[in-house]
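**Student:** File start-v4.txt below, compact mmCIF, C-alpha atoms and all ligand atoms:
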# COMPACT_ATOMS: atom_id res chain seq x y z
CA MET A 14 79.00 133.42 104.99
CA ARG A 15 82.02 131.50 103.71
CA LEU A 16 82.78 128.53 105.90
CA VAL A 17 84.92 125.47 106.38
CA LEU A 18 83.58 122.70 108.62
CA LEU A 19 86.18 120.39 110.12
CA GLY A 20 85.86 117.41 112.42
CA PRO A 21 86.76 113.74 112.63
CA PRO A 22 84.60 111.03 111.09
CA GLY A 23 81.72 110.32 113.47
CA ALA A 24 81.52 113.90 114.78
CA GLY A 25 78.18 114.46 113.04
CA LYS A 26 79.31 116.61 110.10
CA GLY A 27 76.69 115.25 107.71
CA THR A 28 73.61 116.40 109.60
CA LEU A 29 75.15 119.77 110.48
CA CYS A 30 76.07 120.44 106.86
CA THR A 31 72.49 119.87 105.76
CA THR A 32 71.16 122.26 108.43
CA LEU A 33 73.74 125.00 107.82
CA LYS A 34 73.30 124.81 104.08
CA LYS A 35 69.53 125.31 104.36
CA SER A 36 69.56 127.96 107.10
CA PHE A 37 72.24 130.18 105.56
CA ASP A 38 71.71 129.45 101.85
CA LEU A 39 75.23 128.14 101.29
CA LEU A 40 76.74 126.29 98.36
CA HIS A 41 77.66 122.97 99.98
CA ILE A 42 80.92 121.68 98.56
CA SER A 43 81.63 118.14 99.72
CA THR A 44 84.84 116.93 98.11
CA GLY A 45 83.94 113.31 98.88
CA ASP A 46 80.63 113.65 96.98
CA ILE A 47 82.31 115.48 94.10
CA LEU A 48 85.05 112.87 93.72
CA ARG A 49 82.45 110.09 93.65
CA GLU A 50 80.34 112.01 91.13
CA GLU A 51 83.32 112.74 88.82
CA MET A 52 84.20 109.04 88.84
CA LYS A 53 80.62 108.01 88.14
CA GLN A 54 80.38 110.40 85.20
CA GLY A 55 83.78 109.33 83.86
CA THR A 56 85.13 112.87 83.41
CA LYS A 57 88.84 113.46 82.74
CA ILE A 58 89.41 114.26 86.42
CA GLY A 59 87.19 111.33 87.38
CA LEU A 60 89.29 108.88 85.38
CA GLU A 61 92.48 110.21 86.93
CA ILE A 62 91.01 109.84 90.42
CA LYS A 63 89.84 106.31 89.69
CA GLU A 64 93.29 105.32 88.45
CA LEU A 65 94.91 106.73 91.60
CA MET A 66 92.46 105.01 93.92
CA ASP A 67 92.63 101.67 92.09
CA SER A 68 96.40 101.70 92.49
CA GLY A 69 95.97 102.43 96.20
CA ASN A 70 97.24 106.01 96.01
CA LEU A 71 95.78 109.09 97.61
CA VAL A 72 94.28 111.74 95.39
CA ARG A 73 96.87 114.50 94.98
CA ASP A 74 96.28 117.80 96.78
CA GLU A 75 96.47 119.77 93.51
CA LEU A 76 93.75 117.67 91.94
CA VAL A 77 91.35 118.16 94.84
CA SER A 78 92.16 121.87 94.92
CA GLU A 79 91.41 122.12 91.20
CA ILE A 80 87.99 120.57 91.75
CA VAL A 81 87.27 122.99 94.60
CA ARG A 82 88.46 125.92 92.48
CA ASN A 83 86.02 124.93 89.71
CA ARG A 84 83.08 124.74 92.11
CA LEU A 85 83.93 128.04 93.80
CA THR A 86 84.31 129.81 90.46
CA GLU A 87 80.82 128.63 89.43
CA ASN A 88 79.29 129.69 92.75
CA ASP A 89 76.25 131.91 92.11
CA LYS A 90 75.10 132.31 95.73
CA GLU A 91 74.77 135.75 97.22
CA ASP A 92 78.14 136.97 98.56
CA LYS A 93 79.56 133.73 97.15
CA ALA A 94 78.46 131.97 100.33
CA PHE A 95 79.75 128.42 100.68
CA LEU A 96 80.32 125.58 103.10
CA LEU A 97 83.38 123.41 102.49
CA ASP A 98 83.09 119.89 103.83
CA GLY A 99 85.97 117.42 103.64
CA TYR A 100 88.37 120.09 102.43
CA PRO A 101 90.97 121.34 103.24
CA ARG A 102 92.33 118.16 104.73
CA THR A 103 96.01 119.10 104.80
CA LEU A 104 98.03 122.26 105.40
CA SER A 105 99.01 122.34 101.75
CA GLN A 106 95.33 122.27 100.72
CA ALA A 107 94.58 125.11 103.17
CA ILE A 108 97.29 127.21 101.56
CA ASP A 109 95.88 126.36 98.10
CA LEU A 110 92.41 127.37 99.28
CA ASP A 111 93.60 130.76 100.51
CA LYS A 112 95.22 131.40 97.11
CA ILE A 113 92.03 130.47 95.28
CA LEU A 114 89.90 132.66 97.57
CA GLU A 115 92.29 135.55 97.18
CA GLU A 116 92.02 135.30 93.38
CA LEU A 117 88.24 135.29 93.64
CA ASN A 118 88.35 138.10 96.20
CA THR A 119 86.14 136.11 98.60
CA PRO A 120 88.08 135.49 101.82
CA LEU A 121 87.05 132.77 104.26
CA ASP A 122 84.94 133.96 107.21
CA LEU A 123 85.16 131.12 109.71
CA VAL A 124 86.55 127.66 110.30
CA LEU A 125 84.17 125.62 112.44
CA TYR A 126 85.85 122.77 114.26
CA LEU A 127 83.90 119.92 115.84
CA GLU A 128 85.91 118.76 118.82
CA SER A 129 85.19 115.18 119.82
CA SER A 130 86.72 112.80 122.32
CA PRO A 131 88.10 109.60 120.75
CA ALA A 132 86.18 107.40 123.22
CA LEU A 133 82.86 108.83 122.09
CA ILE A 134 83.73 108.62 118.41
CA ILE A 135 84.59 104.95 118.91
CA LYS A 136 81.27 104.36 120.66
CA ARG A 137 79.36 106.13 117.89
CA LEU A 138 81.09 104.42 115.01
CA THR A 139 81.34 100.88 116.41
CA GLY A 140 77.60 100.97 117.14
CA ARG A 141 76.77 101.80 113.54
CA ARG A 142 74.91 99.18 111.50
CA VAL A 143 74.12 99.42 107.82
CA CYS A 144 71.38 97.60 105.92
CA LYS A 145 73.11 95.39 103.40
CA ASP A 146 70.20 95.69 100.96
CA CYS A 147 69.13 99.37 100.99
CA GLY A 148 72.01 101.14 102.76
CA ALA A 149 69.91 102.59 105.61
CA VAL A 150 72.09 103.49 108.60
CA TYR A 151 71.25 102.55 112.21
CA HIS A 152 72.92 102.77 115.58
CA ILE A 153 72.53 100.06 118.20
CA THR A 154 71.81 102.55 121.01
CA ASN A 155 71.15 105.95 119.39
CA ARG A 156 69.01 104.86 116.47
CA PRO A 157 67.98 101.21 116.62
CA PRO A 158 65.52 99.79 114.06
CA LYS A 159 61.90 99.43 115.25
CA VAL A 160 62.21 95.65 115.25
CA GLU A 161 65.58 94.37 116.38
CA GLY A 162 67.71 93.13 113.49
CA THR A 163 65.19 94.16 110.82
CA CYS A 164 65.50 97.12 108.45
CA ASP A 165 62.66 99.67 108.90
CA TYR A 166 62.68 100.48 105.20
CA CYS A 167 63.09 97.25 103.29
CA GLY A 168 62.57 94.52 105.90
CA SER A 169 66.00 93.01 105.29
CA HIS A 170 67.49 91.01 108.18
CA GLU A 171 71.05 91.84 107.23
CA LEU A 172 72.07 94.85 109.33
CA ILE A 173 75.82 94.65 109.23
CA GLN A 174 78.82 96.41 110.68
CA ARG A 175 81.11 97.93 108.06
CA LYS A 176 84.60 96.47 107.90
CA ASP A 177 86.18 99.83 108.78
CA ASP A 178 83.84 100.49 111.75
CA THR A 179 85.78 98.32 114.20
CA GLU A 180 87.45 99.82 117.28
CA GLU A 181 90.94 99.10 115.94
CA THR A 182 90.49 100.85 112.57
CA ILE A 183 88.62 103.77 114.12
CA THR A 184 91.38 104.34 116.69
CA HIS A 185 93.91 104.31 113.87
CA ARG A 186 91.82 106.66 111.71
CA MET A 187 91.43 109.10 114.61
CA ALA A 188 95.20 109.14 115.23
CA VAL A 189 95.89 109.82 111.55
CA TYR A 190 93.20 112.48 111.51
CA LEU A 191 94.56 114.35 114.53
CA ASP A 192 98.10 114.22 113.13
CA THR A 193 97.07 115.95 109.93
CA ILE A 194 94.53 118.32 111.47
CA ASN A 195 96.93 119.90 113.98
CA PRO A 196 99.09 121.85 111.50
CA LEU A 197 95.89 122.89 109.75
CA MET A 198 94.37 124.22 112.98
CA ASN A 199 97.58 126.10 113.85
CA TYR A 200 97.42 127.74 110.43
CA TYR A 201 93.82 128.87 110.89
CA ASP A 202 94.33 129.78 114.57
CA ALA A 203 97.03 132.21 113.44
CA GLN A 204 94.37 133.83 111.23
CA LYS A 205 91.96 133.93 114.21
CA LYS A 206 89.27 132.22 112.17
CA VAL A 207 88.64 129.10 114.23
CA ARG A 208 85.53 128.52 116.34
CA ARG A 209 85.61 125.29 118.34
CA VAL A 210 82.44 123.44 119.21
CA ASP A 211 82.18 120.55 121.66
CA SER A 212 80.47 117.94 119.52
CA ASP A 213 80.28 115.29 122.24
CA ARG A 214 76.93 116.81 123.21
CA ASP A 215 73.51 116.26 121.63
CA PRO A 216 73.30 117.58 118.04
CA GLU A 217 70.79 120.30 119.00
CA TYR A 218 73.35 121.96 121.33
CA VAL A 219 76.12 121.68 118.77
CA GLN A 220 73.87 123.31 116.20
CA LYS A 221 72.92 126.09 118.62
CA ASP A 222 76.58 126.94 119.21
CA LEU A 223 77.36 126.99 115.50
CA PHE A 224 74.43 129.30 114.80
CA LYS A 225 75.57 131.58 117.62
CA PHE A 226 79.05 131.87 116.07
CA LEU A 227 77.62 132.63 112.65
CA ASP A 228 75.27 135.28 114.03
CA GLU A 229 78.12 136.91 115.96
CA LYS A 230 80.23 137.00 112.83
CA ARG A 231 77.38 138.52 110.80
CA THR A 232 76.81 141.19 113.46
CA THR A 233 80.48 142.21 113.69
CA ASP A 234 80.78 142.34 109.90
CA SER A 235 77.80 144.64 109.50
CA ASP A 236 79.01 147.07 112.20
ZN ZN B 301 67.08 98.06 104.27
For the file at hand, write its structure as C-alpha cells.

**Tutor:**
Amino acid sequence: MRLVLLGPPGAGKGTLCTTLKKSFDLLHISTGDILREEMKQGTKIGLEIKELMDSGNLVRDELVSEIVRNRLTENDKEDKAFLLDGYPRTLSQAIDLDKILEELNTPLDLVLYLESSPALIIKRLTGRRVCKDCGAVYHITNRPPKVEGTCDYCGSHELIQRKDDTEETITHRMAVYLDTINPLMNYYDAQKKVRRVDSDRDPEYVQKDLFKFLDEKRTTDSD
C-alpha cells in the first residue's frame, strides 16, 4: 500500500502513523523527522536547510522533493509500500511526487485525509503541556499527569505550554493550513484517491475507518 496521510497539526497523525506503519509494513517517511536528522548529521542538504531556516526562509519545495525521492528510491519494502507524513504540503510538491512515483513505476494508492474541526484542534492543542526537563507530553483533560503539575517520568514540576500552542497562533496556523491544503485536495480528488476520515472522534474509531479503507482498496486491487 502506498499512502499519503494528511491532516492539520493536532489531528492525531503521529499515533496513526505508528499504527499504520506496523500493521501494513510500510516505510514511514516523515519529512519533518528527515529534515531534523539531515541537520543533525550536517549533510550537504542538512546545511542548506539549516541556512534557510536560520534566515527565516521556508525550505524550498524542490529540496524537500529531492529528499523524498532519495528515500523512495531506497525503499526495499514489498511492493514499495510507504506512508508519507508531512509531504506533500503544497500543490507543487504533489505534482513533484507524482513525477517521482511515475519514474519509479509505483503510483500512489490512497490519500487519507483527517478532517478536524478548528474548535476541537484548538482545544486539543491549547491543553497540551510539555515537561521542560524530559519532553514528555501531557494534556490537561485527555492525558493529565498522575500527580497534578508533576511529570510522571522525571518528577519535574515544570509542565509548560509551548509558545506556539496558544489559541491565537493555532487559529492562524489552521487558517494557513486550510489555505494550502485546498488546492492539494482538489488535485487528489480529481484523481479519486482521497478518503476522508472524521478525526474529531476517539482515535480507535479513526483507526477503524482507516483500516476499512485500506482493506477495501486491497480487495478491489486483487479482484
Ligand atoms: Zn519530565

**Student:** List all protein, DNA and RNA residues that have any atom at most 12 Å from ligand ZN 301 (chain B), counting all atoms listed in the file, and write the list as a PyMOL selection string.

**Tutor:** chain A and resi 142-151+158+162-173

**Student:** Would you list the contacts of stretch 19-30 of chain A as an MDAnalysis selection string, taking every protein, DNA or RNA residue within 7 Å and counting all atoms listed in the file, but skipping same-chain residues closer than 6 positions in sequence?

**Tutor:** chainID A and resid 125:129 134 137:138 187 190 212 220

**Student:** Mind giving me the straight-line distance from atom CA of A:Leu191 to atom CA of A:Thr103 in Å, one decimal?

**Tutor:**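 One can read the atom CA of A:Leu191 to atom CA of A:Thr103 distance as 10.9 Å.
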
**Student:** Measuring atom to atom with only C-alpha atoms, identify which of A:Thr139, A:Glu161, A:Thr233, A:Tyr218 is nearest to A:Lys176.

**Tutor:**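 Nearest candidate to A:Lys176 out of A:Thr139, A:Glu161, A:Thr233, A:Tyr218: A:Thr139.
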
**Student:** From the list A:Glu229, A:Asp236, A:Asp46, A:Asp213, which residue is nearest A:Gly99 when using all atoms listed in the file?

**Tutor:** A:Asp46

**Student:** Which value, in Å to one decimal, gives the distance between atom CA of A:Ser36 and atom CA of A:Asp222?

**Tutor:**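 Between atom CA of A:Ser36 and atom CA of A:Asp222 the gap is 14.0 Å.
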
**Student:** Record the distance separating atom CA of A:Ser78 and atom CA of A:Gln106, expressed in Å with one decimal.

**Tutor:**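 Value for the atom CA of A:Ser78-atom CA of A:Gln106 distance: 6.6 Å.
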
**Student:** Every residue with an atom at most 12 Å from (86.2, 109.3, 88.3) (file coordinates; all atoms listed in the file) is what I'm after, so could you write them as a ChimeraX atom specification?

**Tutor:** /A:45-67,72,76,80

**Student:** Could you list, as a list of chain:residue names, every residue within 12 Å of A:Ile113, counting all atoms listed in the file and ignoring same-chain residues fewer than 6 positions away?

**Tutor:**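 Close residues of A:Ile113: A:Glu75, A:Ser78, A:Glu79, A:Ile80, A:Val81, A:Arg82, A:Asn83, A:Arg84, A:Leu85, A:Thr86, A:Gln106, A:Ala107, A:Thr119, A:Pro120, A:Leu121.
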
**Student:** Restricting the calculation to only C-alpha atoms, which member of A:Leu123, A:Ser43, A:Pro131, A:Tyr100 is positioned closest to A:Arg209?

**Tutor:**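 Distance minimum relative to A:Arg209 lands on A:Leu123.
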
**Student:** Between A:Ile153, A:Leu40, A:Val124, A:Leu117, single out the one closest to A:Val210, counting only C-alpha atoms.

**Tutor:**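 Smallest distance to A:Val210 is found for A:Val124.
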
**Student:** Out of A:Lys159, A:Ser235, A:Leu104, A:Leu114, which residue has the shortest atom-to-atom distance to A:Asp192 when counting only C-alpha atoms?

**Tutor:**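 Comparing A:Lys159, A:Ser235, A:Leu104, A:Leu114 against A:Asp192, the winner is A:Leu104.
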
**Student:** Hey, which of A:Asp89, A:Phe95, A:Gln174, A:Leu18 ends up closest to A:Lys35? Count only C-alpha atoms.

**Tutor:** A:Phe95
